[in-house]
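Engineer: For reference, the structure I am asking about is given below.
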There are 4 protein chains.
Amino acid sequence: MRTGVWLIGARGSVAVTSIVGALALRAGLAEPTGCVTELPELRGPALPGLAELVFGGHDIVNTPLTKKADALAAAGVLPARIIAALQDELTQVDRDVRQLPTTGNQAEAVESIAADLAAFREKYRLDRVVVINVANTEPAPTSHPAHADLAALEAALVDGVEGSGEPVLPPSAGAAYAAFRAGCSYVDFTPSTGARLPALAELARRQRVPFSGHDGKTGETLIKAVLAPMFAVRNLRVRTWSGTNLLGGGDGETLAEPAANAAKTASKQRVLAETLGYQPQGNTTIEYVDDLGDFKTAWDLITFSGFLGTPMRMEFTWHGCDSALAAPLVLDLARIMAAAHAAGRSGPLPELAFFFKDPIDATDHTLAGQWQVLRDFVAGLHEAVA
Amino acid sequence: MRTGVWLIGARGSVAVTSIVGALALRAGLAEPTGCVTELPELRGPALPGLAELVFGGHDIVNTPLTKKADALAAAGVLPARIIAALQDELTQVDRDVRQLPTTGNQAEAVESIAADLAAFREKYRLDRVVVINVANTEPAPTSHPAHADLAALEAALVDGVEGSGEPVLPPSAGAAYAAFRAGCSYVDFTPSTGARLPALAELARRQRVPFSGHDGKTGETLIKAVLAPMFAVRNLRVRTWSGTNLLGGGDGETLAEPAANAAKTASKQRVLAETLGYQPQGNTTIEYVDDLGDFKTAWDLITFSGFLGTPMRMEFTWHGCDSALAAPLVLDLARIMAAAHAAGRSGPLPELAFFFKDPIDATDHTLAGQWQVLRDFVAGLHEAVA
Amino acid sequence: MRTGVWLIGARGSVAVTSIVGALALRAGLAEPTGCVTELPELRGPALPGLAELVFGGHDIVNTPLTKKADALAAAGVLPARIIAALQDELTQVDRDVRQLPTTGNQAEAVESIAADLAAFREKYRLDRVVVINVANTEPAPTSHPAHADLAALEAALVDGVEGSGEPVLPPSAGAAYAAFRAGCSYVDFTPSTGARLPALAELARRQRVPFSGHDGKTGETLIKAVLAPMFAVRNLRVRTWSGTNLLGGGDGETLAEPAANAAKTASKQRVLAETLGYQPQGNTTIEYVDDLGDFKTAWDLITFSGFLGTPMRMEFTWHGCDSALAAPLVLDLARIMAAAHAAGRSGPLPELAFFFKDPIDATDHTLAGQWQVLRDFVAGLHEAVA
Amino acid sequence: MRTGVWLIGARGSVAVTSIVGALALRAGLAEPTGCVTELPELRGPALPGLAELVFGGHDIVNTPLTKKADALAAAGVLPARIIAALQDELTQVDRDVRQLPTTGNQAEAVESIAADLAAFREKYRLDRVVVINVANTEPAPTSHPAHADLAALEAALVDGVEGSGEPVLPPSAGAAYAAFRAGCSYVDFTPSTGARLPALAELARRQRVPFSGHDGKTGETLIKAVLAPMFAVRNLRVRTWSGTNLLGGGDGETLAEPAANAAKTASKQRVLAETLGYQPQGNTTIEYVDDLGDFKTAWDLITFSGFLGTPMRMEFTWHGCDSALAAPLVLDLARIMAAAHAAGRSGPLPELAFFFKDPIDATDHTLAGQWQVLRDFVAGLHEAVA
């Protein structure tokens, strides 16, 4: 099952780590650490093999993949020996990374993206293509009535926002629209809008393609998704949960801007209220510290009461490399989305909540619950092809 | 369903916190924070009400319960206003705490314990009694052939270890033997031997009483039981997991002795191997720091590899009050054991693994899995009485 | 040497802890932990004895001191047994806490404060009075030309800011003005303006009274004042220093407001630039978490380079009680200011930099250097009276 | 002033980092981060230039320096580009690293070392040679009467310990003996015995050579030397100070052995008692964790009381690379020892306490105090040559 993986933001850290990783695994140069689909619980015939993945994508910058890979090696994210061994393969993938169109109205832009997707599928005779957004986080968009109605949206794509010529969709949603038009599934690995608009959900169902998101669960929220349930099942009362995230890298700079930040930190605290049944005091802050590079340090303070109100506390520090945590999940999502698409699933896939900070339509925010749902879902896909 | 709760070590911190807590809850002076059986998922008709619990026990010291409670208040474990309100009730319970017999051979000692249990049941017309060991941790015992054979054990109880007159059973196992003989269920909340000998399991089955243990899961291991599964389901490779436990209080001094320590730290690392499928580097150390009092500070360093080997790390500090974490679980266990006994269960109850660091016969070491098993088990008890 | 200690904000946590502490020390109920003037290096004849301190002050609220003390005991800041023993003494002090005047123009308000100070000195036949501001932090004030010129200031006190009737001085500076007019020395223990205006320095010199400030060094900055010099003398390159302060209590709420916050966090980072000779990346953030009460948790991440650029890191967590850290320093400052005043010092006292986050006119930001300067200064005071 | 730097353990991590660093600085490939002698406060004419240092040494292993350097690059301690640029220079130094003699009696062994030192001085026409022990830590030695008497020692070197043929001196002390015999100064950068025996001090004085030690202050003790004075000058009562050191690398394995460990952890706690005037509770533990490689993670918990006994706490984590912290100090010590030797100093140099965990004959354990002493000492050396 030849599967295209089309990355929006294909020259960024997450995308390049995903591409290098897939090529390295295929070449036997690395272990599949971090790849959930390589666990015995999920492996099986429905998922495309890593060797069946073909990479392409869009970006607004032109840095060659090999150069970005070298920068990631210097930053301690990728091993230099692996980059050295994959120069030819990376140069080959580079040819399938297109410049994102930036002129004309948005209707033309999405047509151009859709055409790129169709050409990619054709060129490599792919069974299907999964579009995955790993571009920088967008500011929260202004809502527009056309977001809720597919017919209105199609008109507004040509006209833009009344009187202004501004695009009616933020870029991530434009990409989702284009993906659906081209018959591709879509994943939003960022907190951006993506397919999270009623008009786009309608289009996905009409085109019989699935989508999933939002915002890969790679650090502090991953920990929250196991610690908050622990406090809940032990009936311990969490009083304060305050988190500080220090991020370097490109996305750190974006996320530390108040507009992008607001959406993200809200979703980071929501998991607590939904798991505990109440909202503890405290906020999540995001700060940009250039020197941390592709790594991130998060510190959380949790104060809680035990029996008869005894005050206790827990702190944790997480020092992780977001790209190295995200990239294997990108490969996992590509494989599972392709299998779900093949199995005839369309519209949102809440069963993939395990992967996301802010999962679409999901109700269980415990990692253990999400894992069980994912196992059952993937088992169903395997049974269908057995 | 009037239920006796007989505490071995009834004048210690955990026991007194349990007793004060139960009395305070009954009097409406506190919320049931930390009590798992008060969660909607476990509540139901099979469990005795908190008002139906009657406390008694054994100890080797004579400090009045009120005095110990005052000391716990000074240490920040119990609220002084609650102690003040419960003086009469505590004095009443004090009358049912017996001095542990220390003379004669072990057969006579266990007979004496069994007689105390029978008298307690009679005095309060209890439906059944749960014996719970919350005494200080014992050193690991010398094994003896009679541990594996009930008939041999009964002979050896009279004779002692050959030539020495030494008791054949460590005190915790003697208490379990006495409990079973008296038709009581038994819980070992400590890492001591308790009922964990083939001869005692045989006796429990013959007497049709259940037992459970070992070692209440109140701190670092509780965290391990949610973090280790997180690393496992994300296929992240844990390289090092090193833990330091600084403990004050009476049990801190006991546990920091190498003999007691060895058993405990082994069980603390075992959860990692059993959850991850391999044993990371690193040890768990226990150190006694008198100044910490009834509180404990644990610090853990976890180093792990992500995709393509990228090194990452997590640290956590846990500052908890062991008595306040243990006491509500002691009440939970009393209620659930009584219900299981009433439902005709006998022998070990692996379904209670949720409560223990080193659960008897259990295979799932993830807290989420143990929680599911516990919910199902308690639901079954409720259905049986509905 | 009978010395008045007049506290602006006399019913707040710091003031009440200072008063209770002085009374407790005098009564032999506590050790002088945290009192720098009780160290052998500073003790001597020039300083007034603790028994010679007489307390009074202003506040805008009316809560009795005993009630505030009870609240501090409940919060774990003061021992209940000490409060109980000092009821009479606290009630006595209560009578010398005046309501801050809130009507009339600012000239009248400062006259009223000055009159209260004179009456207090008279009533207790005090040799001199030290006014210490421990009120909540004010927002950064708007600058005004009269701040730089004493004659202009005296006119503006009557008229207010042109056209508005707004007071020309923020309250802390009004109190400093009143103190100087009444012949009292003044300490600003907060980040507010206090005496830090050229016109006020002129007045202090004219009145021959000393002043000092700003902002008691009680937590994170104290640590910075020893860690930053360590990195400096080891020639290690600090790349990032990011701090998070979670504060409860009244001042937490004030400080988390952006206006107050800005002044404070700037001074917290300045110590780094001044000690290291360059400004590392990173900010200091302040967040209000009501549940922490009178305690504060600060977490700092420091990344640094060693030989040949090797990246390393340090983290620290500080869990302190600001009132308990500040109160003994308030007593120290009262004693040293009184002695300096007696010795004829006037104007700013940069020699007291040891006590402050943002010391007036001081150049050495290392705690060790500031300690040496303080020792020499106090030794000089002792010599002068010997 | 051509100065030989003769490293005992010349093929180990610290030595190779020192050599690579000196060559890199000389070639302008790196900044002198971590080199104290490059600070304006210490620079001056008395110290040999980095370009005047010539390296040689002894080791028991044969790994070429270039190979060890590559391993350090792979471990993140040295930059690969610097190693690549210095292949020729490293190969050149390699020729001056001798195999440590292992046969014959100890008198012959020290003669052989002394002869190597003399030949090295001759070959490069060095003004003087500094011998620096950076070999693995030795177990604490058995004391022997000859350690206190030079004449007895010289006899015992031939005979060995009575009846056994065992060497009378541990290797580090044998090296010190050889250094002094050859007219070289000696530094012990490890906790081993080195020159710390009365007979050796006598020899050093007779030979008119200086020595210093013990145990480079590179991590947790460095922090203690600034934090403990902070608690002291603030009159805060430290109740507990518990430290955990997780070490990888060769020395980690050595130090985690109880014999080596005991000496080291004792000296680590001593700084507290000597600075605070009392010994807080708590221990320092050392644990070997291979996966940490050349890095070390230390975690310390400090509990302390403030005013009126209020309990507070501080924790810190230090994640440092011991080789990168030690190597620049090795260069500093080489330069300062050479200058002190040139200035006619002999016997122990307590003025270098700044560099050591367990400084010989020093009384001030505060880093700030030690820094002042060092500055004065080096200023004196500069003045002498000016």
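We label chains A, B, ... in the order they appear in the structure tokens, count residues from 1 in each chain, and number ligands from 1 in the order shown.
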Considering only C-alpha atoms, tabulate each residue of chain D that lies at most 6 Å from chain C along with its nearest interatomic pair and the corresponding distance in Å to one decimal; arrange the rows by chain and ascending residue number and present them as a tab-separated table.

Structural biologist:
residue	atom	partner	partner_atom	distance
D:Ala30	CA	C:Leu308	CA	5.9
D:Thr33	CA	C:Phe307	CA	5.0
D:Gly34	CA	C:Asn235	CA	4.6
D:Val36	CA	C:Arg234	CA	5.7
D:Val77	CA	C:Thr310	CA	5.9
D:Val226	CA	C:Val226	CA	5.8
D:Arg234	CA	C:Val36	CA	5.6
D:Asn235	CA	C:Gly34	CA	4.6
D:Leu236	CA	C:Gly34	CA	4.9
D:Gly306	CA	C:Gly34	CA	5.6
D:Phe307	CA	C:Thr33	CA	5.1
D:Leu308	CA	C:Ala30	CA	5.9
D:Thr310	CA	C:Val77	CA	5.9
D:Met312	CA	C:Gly320	CA	5.1
D:Arg313	CA	C:His319	CA	5.3
D:Met314	CA	C:Trp318	CA	4.5
D:Glu315	CA	C:Thr317	CA	5.1
D:Phe316	CA	C:Phe316	CA	4.1
D:Thr317	CA	C:Glu315	CA	5.1
D:Trp318	CA	C:Met314	CA	4.5
D:His319	CA	C:Arg313	CA	5.3
D:Gly320	CA	C:Met312	CA	5.1
D:Ala324	CA	C:Phe307	CA	5.1

Engineer: Take the selection from the previous step and output its residues with C-alpha atoms, as a short mmCIF file (atom, residue, chain, number, x, y, z; two decimals), in the first residue's frame.

Structural biologist:
data_model
loop_
_atom_site.label_atom_id
_atom_site.label_comp_id
_atom_site.auth_asym_id
_atom_site.auth_seq_id
_atom_site.Cartn_x
_atom_site.Cartn_y
_atom_site.Cartn_z
CA ALA D 30 38.05 28.39 21.52
CA THR D 33 35.58 29.74 29.33
CA GLY D 34 36.11 28.20 32.73
CA VAL D 36 40.05 31.44 36.13
CA VAL D 77 32.43 16.82 26.00
CA VAL D 226 28.26 29.66 48.09
CA ARG D 234 21.41 35.39 56.97
CA ASN D 235 21.38 33.50 60.29
CA LEU D 236 19.01 30.91 58.83
CA GLY D 306 13.48 30.96 59.37
CA PHE D 307 12.20 33.43 61.92
CA LEU D 308 10.27 31.80 64.75
CA THR D 310 9.10 28.60 60.09
CA MET D 312 11.33 26.24 54.44
CA ARG D 313 13.21 24.30 51.80
CA MET D 314 15.40 24.60 48.78
CA GLU D 315 16.31 22.01 46.19
CA PHE D 316 18.81 22.17 43.39
CA THR D 317 19.82 19.98 40.51
CA TRP D 318 23.23 20.36 38.93
CA HIS D 319 23.84 18.71 35.58
CA GLY D 320 27.49 19.21 34.80
CA ALA D 324 34.77 20.26 31.22
#

Engineer: Excluding B:His214 and any residue of its chain fewer than 2 positions from it, enumerate the residues within 12 Å of it, using only C-alpha atoms, and give them as a count of residues only.

Structural biologist: 40

Engineer: Excluding A:Asp70 and residues on its chain fewer than 3 positions from it, collect all residues at most 8 Å away from it, counting only C-alpha atoms, and give them as a list in words.

Structural biologist: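 That gives Thr66, Lys67, Ala73, Ala74, Ala80 and Ile83 of chain A.
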
Engineer: Keeping all heavy atoms, export the residues of the selection given above as a PDB file, in the first residue's frame.

Structural biologist:
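Written file, result_11.pdb:
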ATOM      1  N   THR A  66      18.890  18.722   3.222  1.00  0.00           N
ATOM      2  CA  THR A  66      20.188  18.283   3.748  1.00  0.00           C
ATOM      3  C   THR A  66      20.785  19.352   4.662  1.00  0.00           C
ATOM      4  O   THR A  66      21.413  19.035   5.666  1.00  0.00           O
ATOM      5  CB  THR A  66      21.174  18.002   2.606  1.00  0.00           C
ATOM      6  OG1 THR A  66      21.133  19.118   1.706  1.00  0.00           O
ATOM      7  CG2 THR A  66      20.800  16.739   1.859  1.00  0.00           C
ATOM      8  N   LYS A  67      20.552  20.595   4.294  1.00  0.00           N
ATOM      9  CA  LYS A  67      21.118  21.675   5.110  1.00  0.00           C
ATOM     10  C   LYS A  67      20.385  21.761   6.454  1.00  0.00           C
ATOM     11  O   LYS A  67      21.007  21.909   7.507  1.00  0.00           O
ATOM     12  CB  LYS A  67      20.994  22.997   4.342  1.00  0.00           C
ATOM     13  CG  LYS A  67      21.849  24.077   4.925  1.00  0.00           C
ATOM     14  CD  LYS A  67      22.015  25.265   3.982  1.00  0.00           C
ATOM     15  CE  LYS A  67      22.573  26.438   4.782  1.00  0.00           C
ATOM     16  NZ  LYS A  67      22.316  27.723   4.120  1.00  0.00           N
ATOM     17  N   ALA A  73      21.507  18.146  13.209  1.00  0.00           N
ATOM     18  CA  ALA A  73      22.600  17.322  13.761  1.00  0.00           C
ATOM     19  C   ALA A  73      23.451  18.164  14.698  1.00  0.00           C
ATOM     20  O   ALA A  73      23.802  17.729  15.799  1.00  0.00           O
ATOM     21  CB  ALA A  73      23.438  16.739  12.632  1.00  0.00           C
ATOM     22  N   ALA A  74      23.756  19.400  14.273  1.00  0.00           N
ATOM     23  CA  ALA A  74      24.572  20.277  15.129  1.00  0.00           C
ATOM     24  C   ALA A  74      23.853  20.574  16.436  1.00  0.00           C
ATOM     25  O   ALA A  74      24.482  20.776  17.478  1.00  0.00           O
ATOM     26  CB  ALA A  74      24.883  21.572  14.389  1.00  0.00           C
ATOM     27  N   ALA A  80      24.798  12.785  13.258  1.00  0.00           N
ATOM     28  CA  ALA A  80      25.491  13.190  12.025  1.00  0.00           C
ATOM     29  C   ALA A  80      25.749  12.010  11.097  1.00  0.00           C
ATOM     30  O   ALA A  80      25.627  12.114   9.877  1.00  0.00           O
ATOM     31  CB  ALA A  80      26.798  13.898  12.377  1.00  0.00           C
ATOM     32  N   ILE A  83      22.697  11.356   8.892  1.00  0.00           N
ATOM     33  CA  ILE A  83      22.555  12.359   7.831  1.00  0.00           C
ATOM     34  C   ILE A  83      23.518  12.060   6.697  1.00  0.00           C
ATOM     35  O   ILE A  83      23.157  12.090   5.511  1.00  0.00           O
ATOM     36  CB  ILE A  83      22.880  13.781   8.367  1.00  0.00           C
ATOM     37  CG1 ILE A  83      22.078  14.122   9.604  1.00  0.00           C
ATOM     38  CG2 ILE A  83      22.667  14.837   7.283  1.00  0.00           C
ATOM     39  CD1 ILE A  83      20.623  14.110   9.417  1.00  0.00           C
TER      40      ILE A  83
END

Engineer: Could you give me, as a short mmCIF file (atom, residue, chain, number, x, y, z; two decimals) with C-alpha atoms, in the first residue's frame, the residues within 8 Å of D:Phe120, counting only C-alpha atoms and dropping anything in the same chain fewer than 4 positions from it?

Structural biologist:
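Just written: result.cif:
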data_model
loop_
_atom_site.label_atom_id
_atom_site.label_comp_id
_atom_site.auth_asym_id
_atom_site.auth_seq_id
_atom_site.Cartn_x
_atom_site.Cartn_y
_atom_site.Cartn_z
CA GLY D 4 55.92 21.40 31.83
CA GLY D 56 53.44 15.00 29.11
CA ASP D 96 55.49 12.24 25.87
CA ASP D 116 60.98 10.50 33.32
CA TYR D 124 61.98 20.67 26.25
#

Engineer: Need to verify the contact set: A:Glu166, 9 Å, only C-alpha atoms, exclusion of same-chain residues closer than 5 positions in sequence. Can you return it as a list in words?

Structural biologist: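 Near A:Glu166, the qualifying residues are Asn105, Gln106, Asp159, Gly160 and Val161 of chain A.
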
Engineer: Just write the chosen residues, N, CA and C atoms, as a PDB file, in the first residue's frame.

Structural biologist:
ATOM      1  N   ASN A 105      -6.110  34.771  -5.514  1.00  0.00           N
ATOM      2  CA  ASN A 105      -7.066  34.635  -4.425  1.00  0.00           C
ATOM      3  C   ASN A 105      -6.937  33.245  -3.808  1.00  0.00           C
ATOM      4  N   GLN A 106      -7.638  33.025  -2.681  1.00  0.00           N
ATOM      5  CA  GLN A 106      -7.426  31.771  -1.961  1.00  0.00           C
ATOM      6  C   GLN A 106      -7.979  30.566  -2.729  1.00  0.00           C
ATOM      7  N   ASP A 159     -13.887  35.388  -3.162  1.00  0.00           N
ATOM      8  CA  ASP A 159     -14.087  36.817  -2.870  1.00  0.00           C
ATOM      9  C   ASP A 159     -13.195  37.330  -1.735  1.00  0.00           C
ATOM     10  N   GLY A 160     -12.787  36.453  -0.799  1.00  0.00           N
ATOM     11  CA  GLY A 160     -12.080  36.913   0.402  1.00  0.00           C
ATOM     12  C   GLY A 160     -13.068  37.534   1.371  1.00  0.00           C
ATOM     13  N   VAL A 161     -12.553  37.931   2.542  1.00  0.00           N
ATOM     14  CA  VAL A 161     -13.388  38.568   3.551  1.00  0.00           C
ATOM     15  C   VAL A 161     -13.896  39.898   3.005  1.00  0.00           C
TER      16      VAL A 161
END

Engineer: According to DSSP computed on the backbone, where in stretch 112-312 of chain A is there helix (DSSP H, G or I)? Give the residues as a ChimeraX atom specification.

Structural biologist: /A:112-123,145-148,150-159,171-181,198-207,220-233,249-255,258-276,290-292,307-309

Engineer: Return as a VMD selection string the full set of residues in stretch 94-242 of chain B whose backbone-based DSSP assignment is strand (DSSP E or B).

Structural biologist: chain B and resid 97 to 99 128 to 133 185 to 188 210 to 213 216 237 to 242

Engineer: Please produce a file of those selected residues containing N, CA, C and O atoms, as a tab-separated table (two decimals), in the first residue's frame.

Structural biologist:
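Contents of the output file again-v2.tsv:
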chain	number	residue	atom	x	y	z
B	97	VAL	N	-7.27	-1.53	72.23
B	97	VAL	CA	-5.92	-1.81	71.73
B	97	VAL	C	-5.19	-2.62	72.79
B	97	VAL	O	-4.98	-2.17	73.91
B	98	ARG	N	-4.83	-3.85	72.42
B	98	ARG	CA	-4.19	-4.80	73.35
B	98	ARG	C	-2.67	-4.75	73.19
B	98	ARG	O	-2.16	-4.49	72.10
B	99	GLN	N	-2.01	-5.07	74.29
B	99	GLN	CA	-0.56	-5.24	74.25
B	99	GLN	C	-0.24	-6.54	73.51
B	99	GLN	O	-0.89	-7.57	73.74
B	128	ARG	N	-17.85	-9.43	60.69
B	128	ARG	CA	-16.50	-9.98	60.43
B	128	ARG	C	-15.42	-8.95	60.77
B	128	ARG	O	-15.73	-7.79	60.98
B	129	VAL	N	-14.18	-9.47	60.86
B	129	VAL	CA	-13.06	-8.63	61.26
B	129	VAL	C	-11.97	-8.70	60.18
B	129	VAL	O	-11.68	-9.80	59.68
B	130	VAL	N	-11.42	-7.54	59.84
B	130	VAL	CA	-10.28	-7.48	58.92
B	130	VAL	C	-9.04	-7.10	59.74
B	130	VAL	O	-9.05	-6.07	60.42
B	131	VAL	N	-8.01	-7.94	59.68
B	131	VAL	CA	-6.75	-7.65	60.38
B	131	VAL	C	-5.81	-6.96	59.38
B	131	VAL	O	-5.62	-7.48	58.27
B	132	ILE	N	-5.30	-5.81	59.76
B	132	ILE	CA	-4.43	-5.07	58.83
B	132	ILE	C	-3.11	-4.77	59.51
B	132	ILE	O	-3.07	-4.14	60.58
B	133	ASN	N	-2.02	-5.20	58.89
B	133	ASN	CA	-0.69	-4.96	59.46
B	133	ASN	C	-0.16	-3.62	59.00
B	133	ASN	O	0.13	-3.42	57.81
B	185	SER	N	-10.08	-12.00	57.80
B	185	SER	CA	-9.26	-11.72	56.63
B	185	SER	C	-8.04	-10.91	57.08
B	185	SER	O	-7.99	-10.42	58.20
B	186	TYR	N	-7.06	-10.82	56.19
B	186	TYR	CA	-5.77	-10.20	56.58
B	186	TYR	C	-5.22	-9.39	55.41
B	186	TYR	O	-5.26	-9.83	54.26
B	187	VAL	N	-4.70	-8.20	55.74
B	187	VAL	CA	-4.06	-7.35	54.74
B	187	VAL	C	-2.67	-6.99	55.23
B	187	VAL	O	-2.52	-6.59	56.38
B	188	ASP	N	-1.68	-7.14	54.40
B	188	ASP	CA	-0.38	-6.62	54.80
B	188	ASP	C	-0.10	-5.33	54.03
B	188	ASP	O	0.12	-5.34	52.83
B	210	PRO	N	-10.13	-14.39	52.87
B	210	PRO	CA	-9.24	-13.81	51.87
B	210	PRO	C	-8.10	-13.03	52.51
B	210	PRO	O	-8.16	-12.66	53.68
B	211	PHE	N	-7.05	-12.79	51.72
B	211	PHE	CA	-5.98	-11.89	52.19
B	211	PHE	C	-5.42	-11.10	51.01
B	211	PHE	O	-5.65	-11.45	49.85
B	212	SER	N	-4.71	-10.03	51.34
B	212	SER	CA	-4.12	-9.21	50.29
B	212	SER	C	-2.89	-8.48	50.82
B	212	SER	O	-2.65	-8.44	52.01
B	213	GLY	N	-2.12	-7.91	49.93
B	213	GLY	CA	-0.88	-7.18	50.23
B	213	GLY	C	-0.07	-7.08	48.97
B	213	GLY	O	-0.54	-7.48	47.90
B	216	GLY	N	1.62	-0.76	50.95
B	216	GLY	CA	0.76	0.28	50.37
B	216	GLY	C	1.50	1.17	49.37
B	216	GLY	O	2.63	1.59	49.63
B	237	ARG	N	12.54	4.81	25.08
B	237	ARG	CA	13.45	3.89	25.76
B	237	ARG	C	13.99	4.52	27.04
B	237	ARG	O	14.80	5.46	26.97
B	238	VAL	N	13.57	4.00	28.17
B	238	VAL	CA	14.07	4.51	29.45
B	238	VAL	C	15.46	3.92	29.69
B	238	VAL	O	15.65	2.71	29.68
B	239	ARG	N	16.43	4.78	29.87
B	239	ARG	CA	17.81	4.31	30.04
B	239	ARG	C	18.18	4.24	31.52
B	239	ARG	O	18.79	3.28	31.96
B	240	THR	N	17.81	5.26	32.27
B	240	THR	CA	18.15	5.31	33.69
B	240	THR	C	16.91	5.72	34.47
B	240	THR	O	16.18	6.61	34.04
B	241	TRP	N	16.69	5.08	35.62
B	241	TRP	CA	15.65	5.54	36.54
B	241	TRP	C	16.23	5.40	37.94
B	241	TRP	O	16.30	4.31	38.48
B	242	SER	N	16.69	6.52	38.47
B	242	SER	CA	17.34	6.52	39.78
B	242	SER	C	16.47	7.28	40.76
B	242	SER	O	16.09	8.42	40.49

Engineer: What is the distance between atom CA of B:Gly104 and atom CA of B:Leu157, in Å to one decimal?

Structural biologist: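 Those two atoms sit 10.9 Å apart.
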
Engineer: So that I can check the surroundings of D:Gly347, please list as a list in words every protein, DNA and RNA residue that reaches within 8 Å of it, counting only C-alpha atoms and ignoring chain neighbours fewer than 2 positions away.

Structural biologist: Ala201, Glu202, Ala204, Arg205, Arg208, Val209, Pro210, Phe211, Arg345 and Leu349 of chain D

Engineer: Only C-alpha atoms, please: the residues just picked out, written as an mmCIF file, in the first residue's frame.

Structural biologist:
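Okay, this is what ended up in result_39.cif:
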data_model
loop_
_atom_site.group_PDB
_atom_site.id
_atom_site.type_symbol
_atom_site.label_atom_id
_atom_site.label_comp_id
_atom_site.auth_asym_id
_atom_site.auth_seq_id
_atom_site.Cartn_x
_atom_site.Cartn_y
_atom_site.Cartn_z
ATOM 1 C CA ALA D 201 55.553 17.701 53.291
ATOM 2 C CA GLU D 202 59.022 17.480 54.845
ATOM 3 C CA ALA D 204 58.724 19.186 49.630
ATOM 4 C CA ARG D 205 60.143 21.781 51.976
ATOM 5 C CA ARG D 208 61.939 23.824 48.037
ATOM 6 C CA VAL D 209 58.904 22.890 45.924
ATOM 7 C CA PRO D 210 55.268 23.760 46.610
ATOM 8 C CA PHE D 211 52.258 21.457 46.494
ATOM 9 C CA ARG D 345 57.184 29.169 47.669
ATOM 10 C CA LEU D 349 49.761 26.316 49.451
#

Engineer: Between atom CA of B:Leu374 and atom CA of B:Thr284, what is the distance, to one decimal in Å?

Structural biologist: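 It comes out at 27.7 Å.
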
Engineer: Which residues are near A:Leu65? Cut-off 8 Å, only C-alpha atoms, ignore same chain within fewer than 6 positions. Put them as a PyMOL selection string.

Structural biologist: chain A and resi 11+16+90-91+94

Engineer: Quick one, how far is atom CA of C:Thr363 from atom CA of C:Glu351?

Structural biologist: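 These two atoms are separated by 10.0 Å.
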